[in-house]
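Here is the file structure_1.cif (mmCIF, C-alpha atoms (C1' of nucleotides)).
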```cif
data_input
loop_
_atom_site.label_atom_id
_atom_site.label_comp_id
_atom_site.auth_asym_id
_atom_site.auth_seq_id
_atom_site.Cartn_x
_atom_site.Cartn_y
_atom_site.Cartn_z
CA MET A 1062 4.14 4.90 -23.21
CA ARG A 1063 2.60 3.15 -20.24
CA ILE A 1064 2.92 4.33 -16.63
CA ALA A 1065 1.50 2.19 -13.83
CA THR A 1066 1.20 2.49 -10.06
CA TRP A 1067 0.84 -0.35 -7.60
CA ASN A 1068 0.80 -0.66 -3.83
CA VAL A 1069 2.52 -4.03 -3.87
CA ASN A 1070 2.39 -4.60 -0.09
CA SER A 1071 5.86 -6.12 0.21
CA LEU A 1072 8.02 -6.31 -2.88
CA ARG A 1073 9.93 -9.36 -1.68
CA ALA A 1074 6.73 -11.32 -1.12
CA ARG A 1075 5.63 -10.44 -4.66
CA LEU A 1076 8.76 -10.02 -6.75
CA ASP A 1077 7.74 -12.72 -9.24
CA ARG A 1078 4.27 -11.23 -9.55
CA THR A 1079 5.80 -7.80 -10.13
CA LEU A 1080 8.19 -8.99 -12.85
CA ASN A 1081 5.45 -11.01 -14.56
CA TYR A 1082 3.16 -7.99 -14.44
CA LEU A 1083 5.78 -5.71 -16.03
CA ARG A 1084 6.31 -8.18 -18.85
CA GLU A 1085 2.69 -9.09 -19.52
CA HIS A 1086 1.42 -5.51 -19.44
CA GLN A 1087 4.27 -3.84 -21.35
CA VAL A 1088 4.81 -1.31 -18.58
CA ASP A 1089 7.46 1.35 -19.20
CA VAL A 1090 7.39 3.02 -15.78
CA LEU A 1091 6.07 1.42 -12.59
CA ALA A 1092 5.62 3.35 -9.35
CA LEU A 1093 5.57 1.03 -6.35
CA GLN A 1094 4.35 1.69 -2.81
CA GLU A 1095 4.71 -0.28 0.41
CA THR A 1096 7.77 -2.14 -0.78
CA LYS A 1097 8.47 -2.92 2.92
CA VAL A 1098 12.16 -3.28 2.22
CA LYS A 1099 15.24 -1.28 3.16
CA ASP A 1100 17.48 0.00 0.38
CA GLU A 1101 20.31 -2.41 1.22
CA VAL A 1102 18.27 -5.44 0.22
CA PHE A 1103 16.18 -3.96 -2.59
CA PRO A 1104 16.27 -6.42 -5.53
CA ASP A 1105 17.92 -4.11 -8.12
CA GLY A 1106 19.39 -7.10 -9.96
CA ALA A 1107 16.04 -8.69 -10.74
CA PHE A 1108 14.84 -5.46 -12.38
CA GLU A 1109 18.09 -5.01 -14.27
CA GLU A 1110 17.76 -8.51 -15.74
CA ALA A 1111 14.26 -7.58 -16.86
CA GLY A 1112 15.59 -4.45 -18.58
CA TYR A 1113 14.59 -1.86 -16.01
CA GLN A 1114 16.43 0.69 -13.91
CA ALA A 1115 15.13 1.10 -10.38
CA ALA A 1116 15.22 3.86 -7.78
CA HIS A 1117 14.08 2.95 -4.28
CA HIS A 1118 13.68 4.66 -0.93
CA GLY A 1119 13.10 2.62 2.20
CA PHE A 1120 14.48 2.65 5.74
CA ASN A 1121 12.93 -0.45 7.29
CA GLN A 1122 9.90 -2.75 7.06
CA TRP A 1123 7.46 0.16 6.91
CA ASN A 1124 6.40 2.13 3.84
CA GLY A 1125 9.00 2.16 1.04
CA VAL A 1126 8.52 3.62 -2.46
CA ALA A 1127 10.16 2.98 -5.80
CA VAL A 1128 10.09 3.94 -9.47
CA VAL A 1129 11.29 1.40 -12.02
CA SER A 1130 11.69 2.41 -15.65
CA ARG A 1131 12.87 1.07 -18.98
CA ILE A 1132 12.76 4.51 -20.64
CA GLY A 1133 15.26 6.36 -18.46
CA LEU A 1134 15.49 7.28 -14.79
CA GLU A 1135 17.06 10.59 -13.83
CA ASP A 1136 17.01 13.21 -11.07
CA VAL A 1137 15.75 10.94 -8.31
CA ARG A 1138 14.22 12.77 -5.35
CA THR A 1139 13.44 10.87 -2.14
CA ALA A 1140 10.96 13.35 -0.70
CA PHE A 1141 8.97 16.30 -2.02
CA PRO A 1142 10.22 19.68 -0.77
CA GLY A 1143 7.54 20.36 1.84
CA GLN A 1144 6.98 16.75 2.89
CA PRO A 1145 6.14 16.69 6.62
CA ASP A 1146 7.80 14.46 9.14
CA PHE A 1147 6.16 12.21 11.73
CA ALA A 1148 7.29 11.29 15.22
CA LYS A 1149 6.48 7.86 16.58
CA PRO A 1150 6.04 7.84 20.37
CA GLY A 1151 9.44 8.13 22.02
CA GLU A 1152 11.28 8.59 18.73
CA ALA A 1153 12.71 11.53 16.83
CA PRO A 1154 10.61 12.93 13.96
CA GLN A 1155 11.43 11.37 10.60
CA VAL A 1156 10.53 12.21 7.01
CA GLU A 1157 9.25 8.76 6.13
CA ALA A 1158 9.82 6.81 2.91
CA ARG A 1159 6.52 7.80 1.31
CA ALA A 1160 7.51 9.74 -1.82
CA LEU A 1161 9.99 9.18 -4.60
CA GLY A 1162 10.17 11.26 -7.76
CA ALA A 1163 12.16 10.62 -10.93
CA ASP A 1164 12.26 11.86 -14.53
CA CYS A 1165 11.40 9.04 -16.93
CA GLY A 1166 11.13 9.57 -20.67
CA GLY A 1167 10.25 13.24 -20.30
CA VAL A 1168 7.71 12.74 -17.50
CA THR A 1169 8.32 13.41 -13.81
CA VAL A 1170 6.75 10.48 -12.00
CA TRP A 1171 6.11 10.65 -8.24
CA SER A 1172 5.36 7.41 -6.42
CA LEU A 1173 3.32 8.41 -3.36
CA TYR A 1174 2.17 6.50 -0.31
CA VAL A 1175 -0.11 8.82 1.66
CA PRO A 1176 -0.28 8.06 5.41
CA HIS A 1177 -3.24 5.92 6.45
CA GLY A 1178 -4.52 8.12 9.28
CA ARG A 1179 -5.38 5.22 11.62
CA GLY A 1180 -8.34 7.06 13.20
CA ARG A 1181 -10.02 10.45 12.95
CA GLU A 1182 -8.57 11.67 16.25
CA ASP A 1183 -5.22 9.92 15.87
CA PRO A 1184 -2.08 12.08 15.41
CA HIS A 1185 -1.52 10.05 12.25
CA MET A 1186 -4.64 11.68 10.76
CA ALA A 1187 -3.25 15.20 11.23
CA TYR A 1188 -0.06 13.92 9.60
CA LYS A 1189 -2.08 12.56 6.67
CA LEU A 1190 -3.79 15.91 6.13
CA ARG A 1191 -0.51 17.82 6.42
CA PHE A 1192 1.05 15.46 3.90
CA LEU A 1193 -1.67 15.99 1.28
CA HIS A 1194 -1.80 19.78 1.71
CA ALA A 1195 1.99 20.08 1.53
CA LEU A 1196 1.99 17.97 -1.63
CA ALA A 1197 -0.66 20.21 -3.16
CA ASP A 1198 1.34 23.32 -2.26
CA ASP A 1199 4.44 21.91 -3.95
CA ALA A 1200 2.46 20.72 -6.96
CA ALA A 1201 1.01 24.21 -7.43
CA ALA A 1202 4.51 25.70 -7.25
CA TRP A 1203 5.80 23.26 -9.89
CA LEU A 1204 3.02 24.28 -12.27
CA ALA A 1205 3.55 27.97 -11.55
CA ARG A 1206 7.20 27.58 -12.51
CA ASN A 1207 6.37 25.61 -15.68
CA PRO A 1208 2.73 25.54 -16.83
CA SER A 1209 3.52 22.93 -19.49
CA ALA A 1210 5.30 20.56 -17.07
CA GLN A 1211 4.77 16.82 -17.57
CA ILE A 1212 4.13 15.53 -14.04
CA ALA A 1213 2.29 12.44 -12.76
CA LEU A 1214 1.48 12.13 -9.05
CA VAL A 1215 0.49 8.50 -8.68
CA GLY A 1216 0.04 6.07 -5.86
CA ASP A 1217 -1.99 5.02 -2.87
CA PHE A 1218 -3.73 8.18 -1.62
CA ASN A 1219 -5.68 6.40 1.13
CA VAL A 1220 -8.75 8.56 0.52
CA ALA A 1221 -12.02 7.48 -1.10
CA PRO A 1222 -13.28 10.71 -2.72
CA LEU A 1223 -16.86 9.54 -3.36
CA ASP A 1224 -19.28 7.48 -1.32
CA THR A 1225 -19.41 5.08 -4.28
CA ASP A 1226 -15.67 4.54 -3.89
CA VAL A 1227 -16.29 2.30 -0.88
CA TRP A 1228 -18.40 -0.83 -0.75
CA ASP A 1229 -20.51 0.49 2.14
CA PRO A 1230 -20.23 4.16 3.16
CA GLN A 1231 -21.94 3.42 6.49
CA ALA A 1232 -19.20 0.95 7.36
CA PHE A 1233 -16.70 3.85 7.25
CA GLU A 1234 -18.65 6.38 9.28
CA GLY A 1235 -16.44 7.76 12.01
CA LEU A 1236 -13.39 5.99 10.56
CA THR A 1237 -10.71 6.91 8.04
CA HIS A 1238 -10.72 7.38 4.24
CA THR A 1239 -14.13 9.05 3.77
CA SER A 1240 -14.13 12.08 6.09
CA ALA A 1241 -14.75 15.58 4.75
CA ALA A 1242 -11.29 16.67 5.90
CA GLU A 1243 -9.57 13.85 4.02
CA ARG A 1244 -11.60 14.49 0.87
CA ALA A 1245 -10.84 18.23 1.06
CA ALA A 1246 -7.14 17.48 1.44
CA LEU A 1247 -7.20 15.29 -1.65
CA ASP A 1248 -9.20 17.94 -3.53
CA ALA A 1249 -6.35 20.36 -2.88
CA LEU A 1250 -4.46 18.52 -5.64
CA THR A 1251 -7.11 19.40 -8.20
CA GLY A 1252 -7.14 22.89 -6.70
CA ALA A 1253 -3.44 23.01 -7.55
CA GLY A 1254 -4.34 22.47 -11.20
CA PHE A 1255 -3.84 18.72 -11.49
CA ARG A 1256 -6.38 16.37 -13.10
CA GLU A 1257 -7.28 12.98 -11.65
CA VAL A 1258 -7.22 11.08 -14.92
CA THR A 1259 -8.36 7.64 -13.72
CA ARG A 1260 -11.82 9.06 -12.92
CA GLU A 1261 -11.92 10.93 -16.22
CA HIS A 1262 -11.37 7.71 -18.16
CA LEU A 1263 -13.15 5.29 -15.80
CA PRO A 1264 -16.12 7.18 -14.32
CA ALA A 1265 -18.16 4.08 -13.49
CA GLU A 1266 -19.17 3.64 -9.85
CA ARG A 1267 -17.89 0.88 -7.59
CA LEU A 1268 -14.66 0.34 -9.51
CA TYR A 1269 -12.24 -0.60 -6.76
CA THR A 1270 -8.46 -0.73 -6.53
CA GLN A 1271 -8.16 -2.33 -3.07
CA TRP A 1272 -9.97 -5.15 -1.32
CA ASP A 1273 -9.16 -5.99 2.30
CA TYR A 1274 -7.71 -9.40 3.03
CA GLN A 1275 -10.31 -10.03 5.71
CA GLN A 1276 -13.95 -11.12 5.49
CA LEU A 1277 -13.70 -12.47 1.92
CA ARG A 1278 -13.86 -8.87 0.70
CA PHE A 1279 -12.59 -9.63 -2.82
CA ALA A 1280 -14.89 -12.60 -3.35
CA LYS A 1281 -17.80 -10.33 -2.41
CA ASP A 1282 -16.37 -7.39 -4.41
CA GLN A 1283 -16.35 -5.23 -1.30
CA GLY A 1284 -13.46 -2.89 -2.02
CA MET A 1285 -12.30 0.70 -2.06
CA ARG A 1286 -11.07 3.04 -4.79
CA ILE A 1287 -8.08 4.79 -3.26
CA ASP A 1288 -5.28 4.55 -5.87
CA PHE A 1289 -5.20 7.47 -8.30
CA ALA A 1290 -3.17 9.43 -10.85
CA PHE A 1291 -3.11 13.22 -10.68
CA CYS A 1292 -1.56 14.60 -13.87
CA SER A 1293 -0.41 18.08 -14.80
CA PRO A 1294 -2.66 19.59 -17.51
CA ALA A 1295 -0.11 19.02 -20.29
CA LEU A 1296 0.28 15.36 -19.36
CA ALA A 1297 -3.44 14.78 -18.78
CA GLU A 1298 -4.03 15.78 -22.40
CA ARG A 1299 -1.82 12.90 -23.53
CA VAL A 1300 -3.59 10.15 -21.56
CA THR A 1301 -5.53 7.96 -23.99
CA SER A 1302 -6.74 5.21 -21.65
CA VAL A 1303 -6.68 4.00 -18.05
CA SER A 1304 -6.93 0.45 -16.76
CA ILE A 1305 -7.47 -1.01 -13.29
CA VAL A 1306 -5.85 -4.44 -13.38
CA ARG A 1307 -8.44 -6.28 -11.31
CA ASP A 1308 -7.10 -9.72 -12.22
CA GLU A 1309 -3.99 -9.01 -10.16
CA ARG A 1310 -6.06 -9.40 -6.98
CA LYS A 1311 -6.84 -13.02 -7.86
CA GLY A 1312 -5.07 -16.13 -6.71
CA LYS A 1313 -2.70 -17.00 -3.93
CA GLY A 1314 -0.23 -14.37 -2.82
CA ALA A 1315 -1.98 -11.27 -4.20
CA SER A 1316 -1.45 -7.76 -2.85
CA ASP A 1317 -4.58 -6.19 -1.38
CA HIS A 1318 -4.20 -3.44 -4.05
CA VAL A 1319 -4.10 -3.86 -7.84
CA PRO A 1320 -2.11 -1.88 -10.43
CA VAL A 1321 -3.61 1.15 -12.15
CA GLU A 1322 -2.23 1.91 -15.62
CA LEU A 1323 -2.12 5.01 -17.78
CA THR A 1324 -1.50 4.75 -21.50
CA ILE A 1325 0.01 7.98 -22.82
CA GLU A 1326 0.49 8.96 -26.45
"C1'" DA B 1115 -17.53 -24.87 6.98
"C1'" DT B 1116 -13.34 -29.11 8.93
"C1'" DG B 1117 -12.37 -21.83 8.47
"C1'" DA B 1118 -12.41 -17.14 9.44
"C1'" DC B 1119 -6.07 -11.71 6.63
"C1'" DT B 1120 -1.21 -10.68 5.51
"C1'" DC B 1121 3.29 -8.79 6.00
"C1'" DA B 1122 7.93 -8.08 8.52
"C1'" DT B 1123 10.57 -8.60 12.56
"C1'" DT B 1124 17.78 -8.97 16.46
"C1'" DA B 1125 10.13 -12.96 15.44
"C1'" DC B 1126 7.19 -17.50 17.99
"C1'" DA B 1127 3.64 -12.04 19.53
"C1'" DT B 1128 3.22 -7.63 17.99
"C1'" DG B 1129 2.51 -3.50 15.04
"C1'" DA B 1130 0.62 -1.91 10.98
"C1'" DG B 1131 -2.29 -1.91 7.28
"C1'" DA B 1132 -7.39 -0.63 5.36
#
```

Could you render the structure from this file as structure tokens?
Amino acid sequence: MRIATWNVNSLRARLDRTLNYLREHQVDVLALQETKVKDEVFPDGAFEEAGYQAAHHGFNQWNGVAVVSRIGLEDVRTAFPGQPDFAKPGEAPQVEARALGADCGGVTVWSLYVPHGRGREDPHMAYKLRFLHALADDAAAWLARNPSAQIALVGDFNVAPLDTDVWDPQAFEGLTHTSAAERAALDALTGAGFREVTREHLPAERLYTQWDYQQLRFAKDQGMRIDFAFCSPALAERVTSVSIVRDERKGKGASDHVPVELTIE
DNA sequence: ATGACTCATTACATGAGA
């Protein structure tokens, strides 16, 4: 069984790439982030033709998360229980389209798009920290209820846990993604009993999952490692290999992120 | 170096991303 996660940065701009990727990599379950599409125009039909069911959650051109599966798709949840809301200036608070969970082939897969933060003093940063801590609280409760639960929390976490997860730590000083508060918030997931399996299987330094579009970052291999997979203990035991699909960043029309795959026995 | 980021939008400039 293969589960993958990918911040696709607009599904409509990359539908062909997505379908080709599913086929070429024999993916059973794909968690997508930043689909940038509202539910009414989500391309269900294209996934059906490829043999996949799809569950999507998106209000507008921002955010948007999906799980597509060819091994079953049940009990779709469009937010985690404690997921915080966010109020844009002059607007009512909204629980944004940043989490979608579904049961696929005996595994509960959550596609997660953690808020960016925008700046250390920005209200969006407090939202980001609330989001991660609330997720960790829920994750701990799920494990307390069922210690042998099969749960994968995958997606774009927008935190670089180690200095070697960014191409130049000094370039991020005072900005987002590398602060102690962000790293502590992400650590809360391991505190909840989950294991970040991509690091376990790929411990090498400077393995990136995202390269900015600007400044020829990919050509210079100046990226960030911010896409991860936190698995419940019972599921982590079943992971036999992890792959970062670097080739997907190449060529015209690439997302700034690449897929990360888990192979599970 | 003749270029220098990409996406979506009641679009042709702006917001958002990282």

- On this structure, which residues satisfy the PyMOL selection byres ((chain B and resi 1121-1127) around 10), written as a list in words? Asn1070, Ser1071, Ala1074, Lys1097, Val1098, Asn1121, Gln1122 and Trp1123 of chain A; DC1119, DT1120, DT1128, DG1129, DA1130 and DG1131 of chain B

Compute the chain A side of the contact with chain B at 12 Å, counting only C-alpha atoms (C1' of nucleotides), and hand it back as a CSV table (one decimal) with C-alpha atoms, in the frame of the given file.
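What landed in out_20.csv:
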```csv
chain,number,residue,atom,x,y,z
A,1068,ASN,CA,0.8,-0.7,-3.8
A,1069,VAL,CA,2.5,-4.0,-3.9
A,1070,ASN,CA,2.4,-4.6,-0.1
A,1071,SER,CA,5.9,-6.1,0.2
A,1072,LEU,CA,8.0,-6.3,-2.9
A,1073,ARG,CA,9.9,-9.4,-1.7
A,1074,ALA,CA,6.7,-11.3,-1.1
A,1075,ARG,CA,5.6,-10.4,-4.7
A,1095,GLU,CA,4.7,-0.3,0.4
A,1096,THR,CA,7.8,-2.1,-0.8
A,1097,LYS,CA,8.5,-2.9,2.9
A,1098,VAL,CA,12.2,-3.3,2.2
A,1099,LYS,CA,15.2,-1.3,3.2
A,1121,ASN,CA,12.9,-0.4,7.3
A,1122,GLN,CA,9.9,-2.8,7.1
A,1123,TRP,CA,7.5,0.2,6.9
A,1124,ASN,CA,6.4,2.1,3.8
A,1176,PRO,CA,-0.3,8.1,5.4
A,1177,HIS,CA,-3.2,5.9,6.4
A,1178,GLY,CA,-4.5,8.1,9.3
A,1179,ARG,CA,-5.4,5.2,11.6
A,1180,GLY,CA,-8.3,7.1,13.2
A,1217,ASP,CA,-2.0,5.0,-2.9
A,1218,PHE,CA,-3.7,8.2,-1.6
A,1219,ASN,CA,-5.7,6.4,1.1
A,1220,VAL,CA,-8.8,8.6,0.5
A,1221,ALA,CA,-12.0,7.5,-1.1
A,1227,VAL,CA,-16.3,2.3,-0.9
A,1233,PHE,CA,-16.7,3.8,7.2
A,1236,LEU,CA,-13.4,6.0,10.6
A,1237,THR,CA,-10.7,6.9,8.0
A,1238,HIS,CA,-10.7,7.4,4.2
A,1239,THR,CA,-14.1,9.0,3.8
A,1270,THR,CA,-8.5,-0.7,-6.5
A,1271,GLN,CA,-8.2,-2.3,-3.1
A,1272,TRP,CA,-10.0,-5.2,-1.3
A,1273,ASP,CA,-9.2,-6.0,2.3
A,1274,TYR,CA,-7.7,-9.4,3.0
A,1275,GLN,CA,-10.3,-10.0,5.7
A,1276,GLN,CA,-14.0,-11.1,5.5
A,1277,LEU,CA,-13.7,-12.5,1.9
A,1278,ARG,CA,-13.9,-8.9,0.7
A,1279,PHE,CA,-12.6,-9.6,-2.8
A,1284,GLY,CA,-13.5,-2.9,-2.0
A,1285,MET,CA,-12.3,0.7,-2.1
A,1286,ARG,CA,-11.1,3.0,-4.8
A,1287,ILE,CA,-8.1,4.8,-3.3
A,1313,LYS,CA,-2.7,-17.0,-3.9
A,1314,GLY,CA,-0.2,-14.4,-2.8
A,1315,ALA,CA,-2.0,-11.3,-4.2
A,1316,SER,CA,-1.4,-7.8,-2.8
A,1317,ASP,CA,-4.6,-6.2,-1.4
A,1318,HIS,CA,-4.2,-3.4,-4.0
```

Output check: residues returned by the PyMOL selection byres ((chain A and resi 1138) around 12), as an mmCIF file with C-alpha atoms, keeping the file's coordinate frame:
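The resulting file, part_0.cif, is shown below:
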```
data_model
loop_
_atom_site.group_PDB
_atom_site.id
_atom_site.type_symbol
_atom_site.label_atom_id
_atom_site.label_comp_id
_atom_site.auth_asym_id
_atom_site.auth_seq_id
_atom_site.Cartn_x
_atom_site.Cartn_y
_atom_site.Cartn_z
ATOM 1 C CA ALA A 1116 15.220 3.860 -7.780
ATOM 2 C CA HIS A 1117 14.080 2.950 -4.280
ATOM 3 C CA HIS A 1118 13.680 4.660 -0.930
ATOM 4 C CA VAL A 1126 8.520 3.620 -2.460
ATOM 5 C CA ALA A 1127 10.160 2.980 -5.800
ATOM 6 C CA VAL A 1128 10.090 3.940 -9.470
ATOM 7 C CA LEU A 1134 15.490 7.280 -14.790
ATOM 8 C CA GLU A 1135 17.060 10.590 -13.830
ATOM 9 C CA ASP A 1136 17.010 13.210 -11.070
ATOM 10 C CA VAL A 1137 15.750 10.940 -8.310
ATOM 11 C CA THR A 1139 13.440 10.870 -2.140
ATOM 12 C CA ALA A 1140 10.960 13.350 -0.700
ATOM 13 C CA PHE A 1141 8.970 16.300 -2.020
ATOM 14 C CA PRO A 1142 10.220 19.680 -0.770
ATOM 15 C CA GLN A 1144 6.980 16.750 2.890
ATOM 16 C CA ALA A 1158 9.820 6.810 2.910
ATOM 17 C CA ARG A 1159 6.520 7.800 1.310
ATOM 18 C CA ALA A 1160 7.510 9.740 -1.820
ATOM 19 C CA LEU A 1161 9.990 9.180 -4.600
ATOM 20 C CA GLY A 1162 10.170 11.260 -7.760
ATOM 21 C CA ALA A 1163 12.160 10.620 -10.930
ATOM 22 C CA ASP A 1164 12.260 11.860 -14.530
ATOM 23 C CA THR A 1169 8.320 13.410 -13.810
ATOM 24 C CA VAL A 1170 6.750 10.480 -12.000
ATOM 25 C CA TRP A 1171 6.110 10.650 -8.240
ATOM 26 C CA SER A 1172 5.360 7.410 -6.420
ATOM 27 C CA LEU A 1173 3.320 8.410 -3.360
#
```

- Query: With all atoms listed in the file as the basis for distance, which of A:Asp1105, A:Asp1288, A:Glu1243, A:Asp1229 is at the shortest distance from Glu1257 in chain A?
  - Reply: A:Asp1288

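In this structure, CA of Lys1189 in chain A sits 6.6 Å away from CA of Val1175 in chain A.
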
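When CA of Asp1089 in chain A is paired with CA of Gln1211 in chain A, their separation reads 15.8 Å.
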
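Closest approach to Val1321 in chain A among A:Gln1231, A:Ser1293, A:Asn1081, A:Thr1066: A:Thr1066, based on all atoms listed in the file.
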
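Remark: for Phe1147 in chain A, the closest of the candidate residues A:Gly1125, A:Leu1093, A:Arg1191, A:Ala1107 is A:Arg1191 (distances computed over all atoms listed in the file).
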
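Of the listed residues (A:Tyr1082, A:Asp1077, A:Leu1250, A:Val1102), A:Leu1250 comes nearest to Ala1195 in chain A; the distances count all atoms listed in the file.
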
- note - CA of Glu1298 in chain A and CA of Leu1323 in chain A are separated by 11.9 Å

- Give me the result of the PyMOL selection byres ((chain A and resi 1324) around 10) on this file, residue by residue, as a PyMOL selection string. chain A and resi 1062-1065+1088-1089+1299-1304+1322-1323+1325-1326

I want to know what sits within 6 Å of Ala1249 in chain A, based on all atoms listed in the file, with residues of the same chain fewer than 3 positions away left out; could you give that as a PDB file with C-alpha atoms, in the coordinates of the input?
```
ATOM      1  CA  ALA A1197      -0.660  20.210  -3.160  1.00  0.00           C
ATOM      2  CA  ALA A1246      -7.140  17.480   1.440  1.00  0.00           C
ATOM      3  CA  GLY A1252      -7.140  22.890  -6.700  1.00  0.00           C
TER       4      GLY A1252
END
```

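Here the question is which of A:Phe1291, A:Phe1108, A:Phe1103, A:Trp1067 gets nearest to Thr1251 in chain A using only C-alpha atoms, and that residue is A:Phe1291.
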
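Proximity to Leu1223 in chain A was assessed for A:Tyr1269, A:Tyr1113, A:Phe1120, A:Tyr1174 counting all atoms listed in the file; the smallest distance is recorded for A:Tyr1269.
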